[in-house]
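Scroll down for the structure; my scribbles are underneath it.
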2 protein chains.
Amino acid sequence: MSTTKAPLAAALALAFATSAVLADEGMWTYNDFPAARVGQAYGFTPDAAWLDHLRLSSVKFGNGCSGSIVSASGLVMTNHHCARTCIENVSGLTHKDYDRDGFIARSVPEEARCPGLEIDQLTAISDVTRDVRSATDGTPPEKFNDVQKAAIAAIEKACTSADDVRCEVVSLYRGGRYDLYHYRRFQDVRLVFAPEGRAAFFGGDPDNFNFPRFDLDVSFVRLYDAAGKPLATPQHLAWSEGPLREGDVTFVSGNPGGTSRGFTLAQLDDDRDVRLPKRLYHLAELRGFLTEYQQRGPEQKRQSTPMLFSVANGFKAFKGRQEALADKAFYGRLAQDEAAFRARVQADPALAQKYGGVWDAMAALVEKDQALRDEYNALEAPSDSPLFRIARGLLRHAEETTKPDADRLKEYTDARLPQLKQEVLANRPVYPELEIATLGWWLTKMREALGADHPVVHQVFGTRSPEQVATEAVKGSRLADLRTDARGNPVGGYRKALFDGGKTAIDASNDPMIALARALDGPARAIRKRMETEVEGPMKKQQELLAQARFAVYGTGAYPDATGTLRLSYGSVQGWSEAGRAVAPFTTFGGAFARATGADPFALPDSWLRAKPRLALDVPLNFVTSNDIIGGNSGSPMVDRHGAVVGLVFDGNIHSLGGDYGFDPATNRTVAVSSAALLEAMGKVYEADRLVGEIRSSTSPVLAQGGGAPSGVTAGTPPATH
Amino acid sequence: MSTTKAPLAAALALAFATSAVLADEGMWTYNDFPAARVGQAYGFTPDAAWLDHLRLSSVKFGNGCSGSIVSASGLVMTNHHCARTCIENVSGLTHKDYDRDGFIARSVPEEARCPGLEIDQLTAISDVTRDVRSATDGTPPEKFNDVQKAAIAAIEKACTSADDVRCEVVSLYRGGRYDLYHYRRFQDVRLVFAPEGRAAFFGGDPDNFNFPRFDLDVSFVRLYDAAGKPLATPQHLAWSEGPLREGDVTFVSGNPGGTSRGFTLAQLDDDRDVRLPKRLYHLAELRGFLTEYQQRGPEQKRQSTPMLFSVANGFKAFKGRQEALADKAFYGRLAQDEAAFRARVQADPALAQKYGGVWDAMAALVEKDQALRDEYNALEAPSDSPLFRIARGLLRHAEETTKPDADRLKEYTDARLPQLKQEVLANRPVYPELEIATLGWWLTKMREALGADHPVVHQVFGTRSPEQVATEAVKGSRLADLRTDARGNPVGGYRKALFDGGKTAIDASNDPMIALARALDGPARAIRKRMETEVEGPMKKQQELLAQARFAVYGTGAYPDATGTLRLSYGSVQGWSEAGRAVAPFTTFGGAFARATGADPFALPDSWLRAKPRLALDVPLNFVTSNDIIGGNSGSPMVDRHGAVVGLVFDGNIHSLGGDYGFDPATNRTVAVSSAALLEAMGKVYEADRLVGEIRSSTSPVLAQGGGAPSGVTAGTPPATH
């Protein structure tokens, strides 16, 4: 399907360099998109206007998801699972259960604020490699992290012209290049539509990362402007209702969270043998704990469902990654790639002298990392208790803002303050019973990792058990006290007083959750400092060398590893072969009804059962494409050559999980909801006429070349009518 | 400490062949004990009488633990954690909580039957290698397992002269030799003494596999004869109260469950990358599940405690093994050993021709194993539900006993029938709520492993959820119906009727738990058959070749991998160095009180707090030695050169966990309760005068050479008095 030209092919070969077919591999930056290559493969070459339009219609969620603007009034489409926390928060604040029942705002006033949710739109990218590099030139490894951090903070601060401007320096090619990403920031985001959890996540954990699949994993939220009105968004995506056919070119615009295709073998071994197993033990145990916690009662089940979803989803994803590395054939290809790369470096005396030592240096740093990691994870990684995370945010905000910007922990710099504020002062419901359970569990795991004789354990626990510490901290805390105005903005309460009062207020507080965060803070900062100084800084320095070596050997035409920032992937609709059996690329509504048993997670909601006679059962529900994506792409729009929405990305197949390390074009597939299914369900199942009308009426001011009016307007699938 | 003579050293080098000091490595069989080597190292050479006496005083528990006979009236010492299930069963049957309160039988009639517990005494060993080999000579790989199984069943059946004789063919050196082990079997075992769980497992999971340690991990049970009277045991161990000193020689006689020191690298990689991680995910999730299940209430907590202990203990043990293999230095030594071994084989054309292909053949079989394993584990590995295990036992017993002995699944042959009966008809309490929870969880994991579209899932679940299937199977089942006589032997009830009624009764049964076992049985047998035919048989054949290659290169003087059968290890009392800090070999009662916080798992029982003024706080409580042990050695007696008890093995340190793959003499340590501490506590804390008197009065009819009367009689620690 794709043509392979030798020099470019070599440049692309971040992984599986020995494979002849490079196909649709790559999560490309918008400022380095291989348009000509797409043209050769698919007969369509995106131009700058096409790319700009898609970029400006794409958004990044603060929770790591992706989304797209699909109307002139700020309507944003994403996955149901990307809005799960919002759905739960809105339920908790209104004493409803919108995950069970679905949420449909029949008018603008019914749209409900998502506490703490931020959405960003990428407005510009500029190259700051020279500025970042010049700051660290000649810096010894143990100072590298501090010096680079200060330089980045200064660049971000200088760029941040207003509270709704977010600037972030992104390290691309693992230190090969530094770009400054300019975003427009939206902090008033409201829930518009979500189907029932049963429809969105039909098949549950068993079907997750599998295909055939039958999920309506969609939700809509809306961006609001500073005046509290729906945001005017002239730049937005048009809609295609299809028909989409096998082989059609597809583009996915979203924010893949991270890939590790530039890892050295020492890092891969670390992932396979140490890092992923430990993470998986943690997630597996927490999954078991939360599964049984849900038996405490229906309200406890409702409250813990988003956390359980996230834990189970993470478990399955990381398990797939570990299994990819445990596969001797897959791992063998990665090992071959590194051997070939090292051989090229060694063959050139100049390169060998500059870069020949990088791999061994990385291996030594990985060992150092392993020696510090248990303590780092126990003390500095985010707590499983939301209330503790708020307490630490308040405490550190108070401490860090007394320092010059350059000296602060990076998440407390001036440029990042609006994000922190949005998180810490979010009006999310607080559930004491769940807090006690998760904090107690987290503290138990901390003691397990540090050992019962660690000084921190003696200091924090004294003669108390983890459960006692958790109970006292949650029951005695006033951090849930937060008052908001009609728009959901924080205006008062104990938590806001602590935030506004800074170090004086924090130092004076005897809130037991603050006290717990305080007791852990010294040791947590100490291990973080060691990790940054002894591991992260020196590793960044080695990674810069490795990136330079790669440029020197393979040229600069490759895509960088994913970085949680906006990327564009191209591919086409296609199934794959599973153990000799062909997997067809489309499923239908009819398939969902055939698969339903009535017992969760294979129960369809009543709304679907009632609507069944009206539904066109042969409308494609889900489908797969060869686009190269990874976690973080959830909620990404999938568009056709006209830039019109043909699908909504919500998953990858099981083979996509190894995509963290290498893309296998034969089996790695993206899974999406079809745009036709979205309209069919919103119209006939949910009678969300306002929403359907808004989507249908939207025409895009920047038209795709070769397209004229967006194709969806005259689509092959009959429009929904009622 | 040990001398190293070249030919023997090479022969011993199952692992870490490159290490110069082989020290106290080895779990030796009694019929091949290197007495001369011990003499050279410690100046004491055990003779045949000494070895026979220790062997006949050692016992093997049906649950995998070890123990020793310590009085003339059948008193058996083991760990508290080896009797946990018995303690819980007795509690459940009498509506008490002996794990919380401890159990002390003040008279013989108060001793309480342990349902389902069997204890075996090794009476003789004979070599049957020729018989086993001749049966499989020329057998193709795919028939190997069946043919060998039939030959072994015939040998065991011919040897089994009575119900209280157990015969088992043991494959030593991974197929290098086959020995027939003759046991005397005891199925009436009664609980005599157990301290509170808080004393036995002080420090809980955080301290497990760690040292310094402060546990009274002991229990006593008694063997009863056919007439229901305490068994006369003229052969038993005498008691030493010490003083034991650093450097003193120590012997451990017990049943290490299994080691993998003869693994090829392909098998080690499989353990590190696939087998152990999957097992650990399962255990981690079950640990989380049970931890939260315990919150349902005190009775639910009591019922689930033995299962949670076993799961948490297994998790920590397997995690330690995986971490040992993930350690580049440890793994590197194992890789070097294999490379050296292969080089020796390749260097000799005759050996190369015979054995050169073994390693690649094993690697291919490991891949085959991996392809079948998920389905095998889901369908054929023991269920997490005890009631389901009973149902499967009844079902298969009925089916298998219609076949000739040679054609049966191996656990249903005539020679093994008494064990099966003891298990299936044990009068253990049944807890429906816990059964529903664990069966539901197990079925959920089964669906996860097989995938929702597997035919078995469709057939067994239909439109029901795993929880629904479990609830219906448990609530509708009559398998808990079992009537027993005064001695606890089954005499009636539905379960016994099904066992006695054989295939006719089973076929007629519509019990839903039997029906569930029946629905799963065909697919479970099918995957087992594939595993045995395609993997296990061919692997056994390769392992025989590998063992012969090892004998050819290194000679026959090495010890075999552990096989769950009786072994003798020698060593001495010694600490080790941990990150440059010396760990002293002894702890004391005083240390336990210093460590106690009052909050579990660091709470001492009230009995200890009350007895503290009377206790000699400087009496050694726990200590470490360089003996080479592994899981299964729990409950092993540790004796001095006089054959007198100086300790009770209950754990290994964290470094001992890698001992599955290789023994590191610098850090691998056995952890034991001192014999002095046992008497001190039983006398002063528990006032178990009857028991103390019985132990003190015991003199051993076979005296150790060089010893005269057992040293304990005139020990340095003052005897407990009251």
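Labels used: A, B, ... for chains in the order of the structure tokens, numbers from 1 for residues in each chain, and numbers from 1 for ligands as shown.
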* Could you pull the residues within 7 Å of region 209-223 of chain A, counting only C-alpha atoms, minus those fewer than 6 positions along the same chain, as an NGL selection string? -> :A and (74-81 or 83 or 186 or 188-194 or 199-202 or 230-231 or 587 or 592 or 621-622 or 650-654 or 673)
Can I get the selected residues back with N, CA and C atoms, as a compact mmCIF listing (two decimals), in the first residue's frame?
```
# COMPACT_ATOMS: atom_id res chain seq x y z
N GLY A 74 -18.37 25.70 19.88
CA GLY A 74 -17.50 25.12 20.90
C GLY A 74 -17.79 23.69 21.28
N LEU A 75 -18.58 23.01 20.49
CA LEU A 75 -18.89 21.60 20.82
C LEU A 75 -17.65 20.74 20.58
N VAL A 76 -17.29 19.93 21.57
CA VAL A 76 -16.10 19.09 21.49
C VAL A 76 -16.50 17.62 21.63
N MET A 77 -16.03 16.82 20.69
CA MET A 77 -16.30 15.38 20.73
C MET A 77 -15.10 14.66 21.33
N THR A 78 -15.38 13.73 22.23
CA THR A 78 -14.31 12.87 22.76
C THR A 78 -14.94 11.53 23.12
N ASN A 79 -14.19 10.69 23.83
CA ASN A 79 -14.74 9.40 24.25
C ASN A 79 -15.52 9.54 25.55
N HIS A 80 -16.43 8.61 25.74
CA HIS A 80 -17.09 8.49 27.04
C HIS A 80 -16.04 8.25 28.12
N HIS A 81 -15.08 7.40 27.86
CA HIS A 81 -14.13 7.08 28.93
C HIS A 81 -13.19 8.24 29.24
N ALA A 83 -14.44 11.24 29.54
CA ALA A 83 -15.28 12.11 30.36
C ALA A 83 -15.81 11.37 31.58
N PHE A 186 -8.62 26.44 27.84
CA PHE A 186 -10.02 26.61 28.22
C PHE A 186 -10.26 25.85 29.53
N ASP A 188 -13.28 26.40 31.40
CA ASP A 188 -14.72 26.22 31.67
C ASP A 188 -15.26 25.27 30.60
N VAL A 189 -15.38 24.01 30.97
CA VAL A 189 -15.78 22.95 30.05
C VAL A 189 -17.00 22.27 30.64
N ARG A 190 -18.04 22.10 29.81
CA ARG A 190 -19.28 21.55 30.38
C ARG A 190 -19.75 20.31 29.62
N LEU A 191 -20.32 19.42 30.37
CA LEU A 191 -20.81 18.16 29.81
C LEU A 191 -22.12 18.39 29.05
N VAL A 192 -22.18 17.87 27.81
CA VAL A 192 -23.34 18.06 26.95
C VAL A 192 -24.10 16.74 26.76
N PHE A 193 -23.34 15.69 26.49
CA PHE A 193 -23.99 14.42 26.17
C PHE A 193 -23.07 13.25 26.53
N ALA A 194 -23.66 12.24 27.14
CA ALA A 194 -22.94 10.98 27.34
C ALA A 194 -23.96 9.87 27.33
N ALA A 199 -23.56 1.28 27.14
CA ALA A 199 -23.43 1.42 25.69
C ALA A 199 -22.01 1.82 25.31
N ALA A 200 -21.42 2.68 26.14
CA ALA A 200 -20.09 3.20 25.82
C ALA A 200 -19.02 2.13 25.97
N PHE A 201 -19.19 1.26 26.97
CA PHE A 201 -18.15 0.29 27.30
C PHE A 201 -18.74 -1.12 27.26
N PHE A 202 -19.63 -1.33 26.28
CA PHE A 202 -20.21 -2.66 26.09
C PHE A 202 -19.09 -3.69 25.89
N PRO A 230 -21.19 29.84 25.45
CA PRO A 230 -20.55 28.88 24.54
C PRO A 230 -19.54 29.60 23.64
N LEU A 231 -18.38 29.02 23.50
CA LEU A 231 -17.29 29.64 22.74
C LEU A 231 -17.59 29.60 21.25
N THR A 587 -17.78 -3.59 12.18
CA THR A 587 -18.89 -4.25 12.88
C THR A 587 -20.14 -3.40 12.68
N ALA A 592 -23.91 -5.85 17.73
CA ALA A 592 -24.01 -5.53 19.16
C ALA A 592 -25.18 -6.28 19.78
N LEU A 621 -20.80 0.13 13.11
CA LEU A 621 -20.70 0.67 14.46
C LEU A 621 -19.24 1.01 14.78
N ASN A 622 -18.38 0.02 14.74
CA ASN A 622 -16.95 0.24 14.99
C ASN A 622 -16.16 -0.26 13.77
N PHE A 650 -11.21 5.26 19.76
CA PHE A 650 -11.38 4.98 21.20
C PHE A 650 -10.52 3.84 21.70
N ASP A 651 -9.79 3.16 20.83
CA ASP A 651 -9.03 2.00 21.31
C ASP A 651 -8.05 1.57 20.23
N GLY A 652 -7.17 0.65 20.59
CA GLY A 652 -6.35 -0.06 19.63
C GLY A 652 -6.61 -1.54 19.83
N ASN A 653 -6.28 -2.36 18.85
CA ASN A 653 -6.44 -3.80 19.08
C ASN A 653 -5.29 -4.30 19.98
N ILE A 654 -5.34 -5.58 20.32
CA ILE A 654 -4.38 -6.11 21.30
C ILE A 654 -2.94 -5.97 20.78
N VAL A 673 -15.20 4.46 16.54
CA VAL A 673 -16.65 4.47 16.32
C VAL A 673 -16.90 5.18 15.00
```
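Omitting Tyr570 (chain B) and its sequence neighbours fewer than 2 positions away, and counting only C-alpha atoms, the residues within 7 Å are Asp24, Thr250, Phe251, Val252, Leu568 and Asn627 of chain B.
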* To do: Taking only C-alpha atoms into account, report as a PyMOL selection string which residues of chain B lie within 6 Å of chain A.
  => chain B and resi 206+273+281+284-286+288-289+292+326+448+463-465+597+599
Could those selected residues go to a file with all heavy atoms, as a short mmCIF file (atom, residue, chain, number, x, y, z; two decimals), in the first residue's frame?
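Result file out.cif:
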```
data_model
loop_
_atom_site.label_atom_id
_atom_site.label_comp_id
_atom_site.auth_asym_id
_atom_site.auth_seq_id
_atom_site.Cartn_x
_atom_site.Cartn_y
_atom_site.Cartn_z
N PRO B 206 4.92 -7.43 56.00
CA PRO B 206 6.11 -6.56 55.87
C PRO B 206 7.40 -7.26 56.32
O PRO B 206 8.45 -7.07 55.71
CB PRO B 206 5.79 -5.38 56.80
CG PRO B 206 4.29 -5.31 56.82
CD PRO B 206 3.83 -6.75 56.73
N ASP B 273 10.07 -13.75 32.28
CA ASP B 273 9.29 -12.88 31.39
C ASP B 273 7.82 -13.22 31.32
O ASP B 273 7.00 -12.35 31.03
CB ASP B 273 9.85 -12.95 29.97
CG ASP B 273 11.29 -12.50 29.88
OD1 ASP B 273 11.78 -11.88 30.85
OD2 ASP B 273 11.95 -12.79 28.86
N TYR B 281 0.58 -11.51 38.74
CA TYR B 281 -0.63 -10.69 38.52
C TYR B 281 -1.82 -11.35 39.20
O TYR B 281 -2.64 -10.70 39.83
CB TYR B 281 -0.95 -10.54 37.02
CG TYR B 281 0.18 -10.04 36.15
CD1 TYR B 281 0.25 -10.39 34.80
CD2 TYR B 281 1.18 -9.22 36.67
CE1 TYR B 281 1.27 -9.94 33.99
CE2 TYR B 281 2.22 -8.77 35.85
CZ TYR B 281 2.26 -9.14 34.52
OH TYR B 281 3.28 -8.70 33.71
N ALA B 284 -1.44 -11.02 42.99
CA ALA B 284 -1.60 -9.62 43.43
C ALA B 284 -3.07 -9.23 43.42
O ALA B 284 -3.58 -8.63 44.37
CB ALA B 284 -0.80 -8.68 42.52
N GLU B 285 -3.77 -9.59 42.36
CA GLU B 285 -5.17 -9.22 42.29
C GLU B 285 -5.99 -9.94 43.35
O GLU B 285 -6.86 -9.34 44.00
CB GLU B 285 -5.73 -9.53 40.89
CG GLU B 285 -7.15 -9.02 40.74
CD GLU B 285 -7.63 -9.00 39.31
OE1 GLU B 285 -6.86 -9.33 38.39
OE2 GLU B 285 -8.80 -8.62 39.11
N LEU B 286 -5.67 -11.20 43.57
CA LEU B 286 -6.40 -11.96 44.59
C LEU B 286 -6.08 -11.41 45.99
O LEU B 286 -6.96 -11.35 46.85
CB LEU B 286 -6.03 -13.44 44.48
CG LEU B 286 -6.84 -14.44 45.32
CD1 LEU B 286 -8.34 -14.26 45.15
CD2 LEU B 286 -6.44 -15.87 44.97
N GLY B 288 -5.44 -8.24 46.69
CA GLY B 288 -6.25 -7.03 46.83
C GLY B 288 -7.71 -7.38 47.10
O GLY B 288 -8.36 -6.78 47.96
N PHE B 289 -8.20 -8.35 46.37
CA PHE B 289 -9.59 -8.78 46.51
C PHE B 289 -9.86 -9.28 47.93
O PHE B 289 -10.81 -8.87 48.59
CB PHE B 289 -9.85 -9.88 45.47
CG PHE B 289 -11.26 -10.39 45.42
CD1 PHE B 289 -12.20 -9.73 44.64
CD2 PHE B 289 -11.64 -11.51 46.12
CE1 PHE B 289 -13.51 -10.19 44.57
CE2 PHE B 289 -12.95 -11.98 46.06
CZ PHE B 289 -13.89 -11.32 45.28
N GLU B 292 -9.72 -6.59 50.80
CA GLU B 292 -10.95 -5.82 50.94
C GLU B 292 -12.12 -6.72 51.37
O GLU B 292 -12.99 -6.28 52.12
CB GLU B 292 -11.26 -5.10 49.62
CG GLU B 292 -12.62 -4.45 49.50
CD GLU B 292 -12.92 -3.35 50.52
OE1 GLU B 292 -11.98 -2.90 51.21
OE2 GLU B 292 -14.10 -2.96 50.64
N ALA B 326 15.70 -10.97 37.28
CA ALA B 326 15.80 -9.65 36.66
C ALA B 326 17.11 -8.96 37.01
O ALA B 326 17.47 -7.96 36.39
CB ALA B 326 14.62 -8.78 37.09
N GLU B 448 -11.35 -13.97 31.41
CA GLU B 448 -10.31 -13.03 30.98
C GLU B 448 -9.20 -13.77 30.21
O GLU B 448 -8.73 -13.29 29.18
CB GLU B 448 -9.74 -12.35 32.22
CG GLU B 448 -8.80 -11.20 31.96
CD GLU B 448 -8.42 -10.52 33.28
OE1 GLU B 448 -9.32 -10.29 34.12
OE2 GLU B 448 -7.22 -10.25 33.48
N THR B 463 -25.83 -16.68 29.14
CA THR B 463 -26.12 -15.25 29.29
C THR B 463 -25.88 -14.79 30.73
O THR B 463 -26.29 -13.70 31.10
CB THR B 463 -27.59 -14.96 28.92
OG1 THR B 463 -28.42 -15.74 29.77
CG2 THR B 463 -27.87 -15.31 27.46
N ARG B 464 -25.20 -15.62 31.52
CA ARG B 464 -24.99 -15.25 32.93
C ARG B 464 -23.61 -14.62 33.15
O ARG B 464 -22.66 -14.90 32.41
CB ARG B 464 -25.11 -16.49 33.82
CG ARG B 464 -26.48 -17.14 33.79
CD ARG B 464 -26.50 -18.42 34.63
NE ARG B 464 -25.53 -19.41 34.15
CZ ARG B 464 -25.20 -20.50 34.82
NH1 ARG B 464 -25.74 -20.73 36.01
NH2 ARG B 464 -24.33 -21.36 34.32
N SER B 465 -23.51 -13.81 34.18
CA SER B 465 -22.20 -13.26 34.57
C SER B 465 -21.49 -14.30 35.43
O SER B 465 -22.13 -15.22 35.96
CB SER B 465 -22.39 -11.98 35.37
OG SER B 465 -22.95 -12.28 36.63
N THR B 597 4.30 -2.28 68.18
CA THR B 597 3.65 -0.96 68.21
C THR B 597 2.25 -1.04 68.80
O THR B 597 1.67 -0.02 69.16
CB THR B 597 3.49 -0.41 66.78
OG1 THR B 597 2.59 -1.24 66.05
CG2 THR B 597 4.82 -0.34 66.06
N ALA B 599 -0.23 -2.01 66.93
CA ALA B 599 -1.13 -2.07 65.76
C ALA B 599 -0.68 -3.22 64.87
O ALA B 599 0.50 -3.36 64.56
CB ALA B 599 -1.06 -0.75 64.98
#
```
* Those in region 457-497 of chain B with strand (DSSP E) from DSSP, as a PyMOL selection string -> chain B and resi 483-484+490-492
How would the residues just picked look written out with N, CA and C atoms as a PDB file, in the first residue's frame?
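Result went into result29.pdb, see below:
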```pdb
ATOM      1  N   ARG B 483     -21.384 -36.240  56.712  1.00  0.00           N
ATOM      2  CA  ARG B 483     -21.511 -36.610  58.134  1.00  0.00           C
ATOM      3  C   ARG B 483     -20.297 -37.433  58.559  1.00  0.00           C
ATOM      4  N   THR B 484     -19.841 -37.189  59.786  1.00  0.00           N
ATOM      5  CA  THR B 484     -18.632 -37.871  60.267  1.00  0.00           C
ATOM      6  C   THR B 484     -18.910 -38.539  61.605  1.00  0.00           C
ATOM      7  N   PRO B 490     -15.458 -39.659  57.615  1.00  0.00           N
ATOM      8  CA  PRO B 490     -16.729 -39.496  56.903  1.00  0.00           C
ATOM      9  C   PRO B 490     -17.540 -40.785  56.950  1.00  0.00           C
ATOM     10  N   VAL B 491     -18.809 -40.672  57.297  1.00  0.00           N
ATOM     11  CA  VAL B 491     -19.656 -41.870  57.364  1.00  0.00           C
ATOM     12  C   VAL B 491     -20.950 -41.703  56.573  1.00  0.00           C
ATOM     13  N   GLY B 492     -21.274 -40.495  56.132  1.00  0.00           N
ATOM     14  CA  GLY B 492     -22.528 -40.332  55.395  1.00  0.00           C
ATOM     15  C   GLY B 492     -22.654 -38.946  54.806  1.00  0.00           C
TER      16      GLY B 492
END
```
* To do: Using DSSP on the backbone coordinates, identify the residues of region 222-418 of chain A assigned to alpha helix (DSSP H); present them as a PyMOL selection string.
  => chain A and resi 265-270+276-293+298-326+328-347+349-355+358-379+386-400+417-418
* With only C-alpha atoms as the atoms that count, which of A:Ala594, A:Leu117, A:Leu180, A:Ala611 lies nearest to Ile152 (chain A)? ->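 The answer is A:Leu180, which sits nearest to Ile152 (chain A).
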* Mind checking which residues fall within 10 Å of region 556-563 of chain B, counting only C-alpha atoms, ignoring those fewer than 5 positions away in the same chain, and posting them as number ranges by chain? => B: 7-14, 25-29, 32-34, 170-177, 255-263, 547-548, 550-551, 629-632, 660-661
* Could you work out how far CA of Ile125 (chain B) lies from CA of Tyr183 (chain B), giving the answer in Å with one decimal? -> 9.1 Å
* Skip region 43-55 of chain A itself and residues of its chain fewer than 5 positions away, then list as a list in words all residues within 9 Å of it, counting only C-alpha atoms. => Tyr30, Phe33, Ala35, Ala36, Arg37, Val38, Ser68, Gln121, Leu122, Thr123, Gln235, His236, Leu237, Val249, Ser253, Gly254, Leu566, Arg567, Leu568, Val639, Arg641, His642, Gly643, Val702, Leu703, Ala704 and Gln705 of chain A
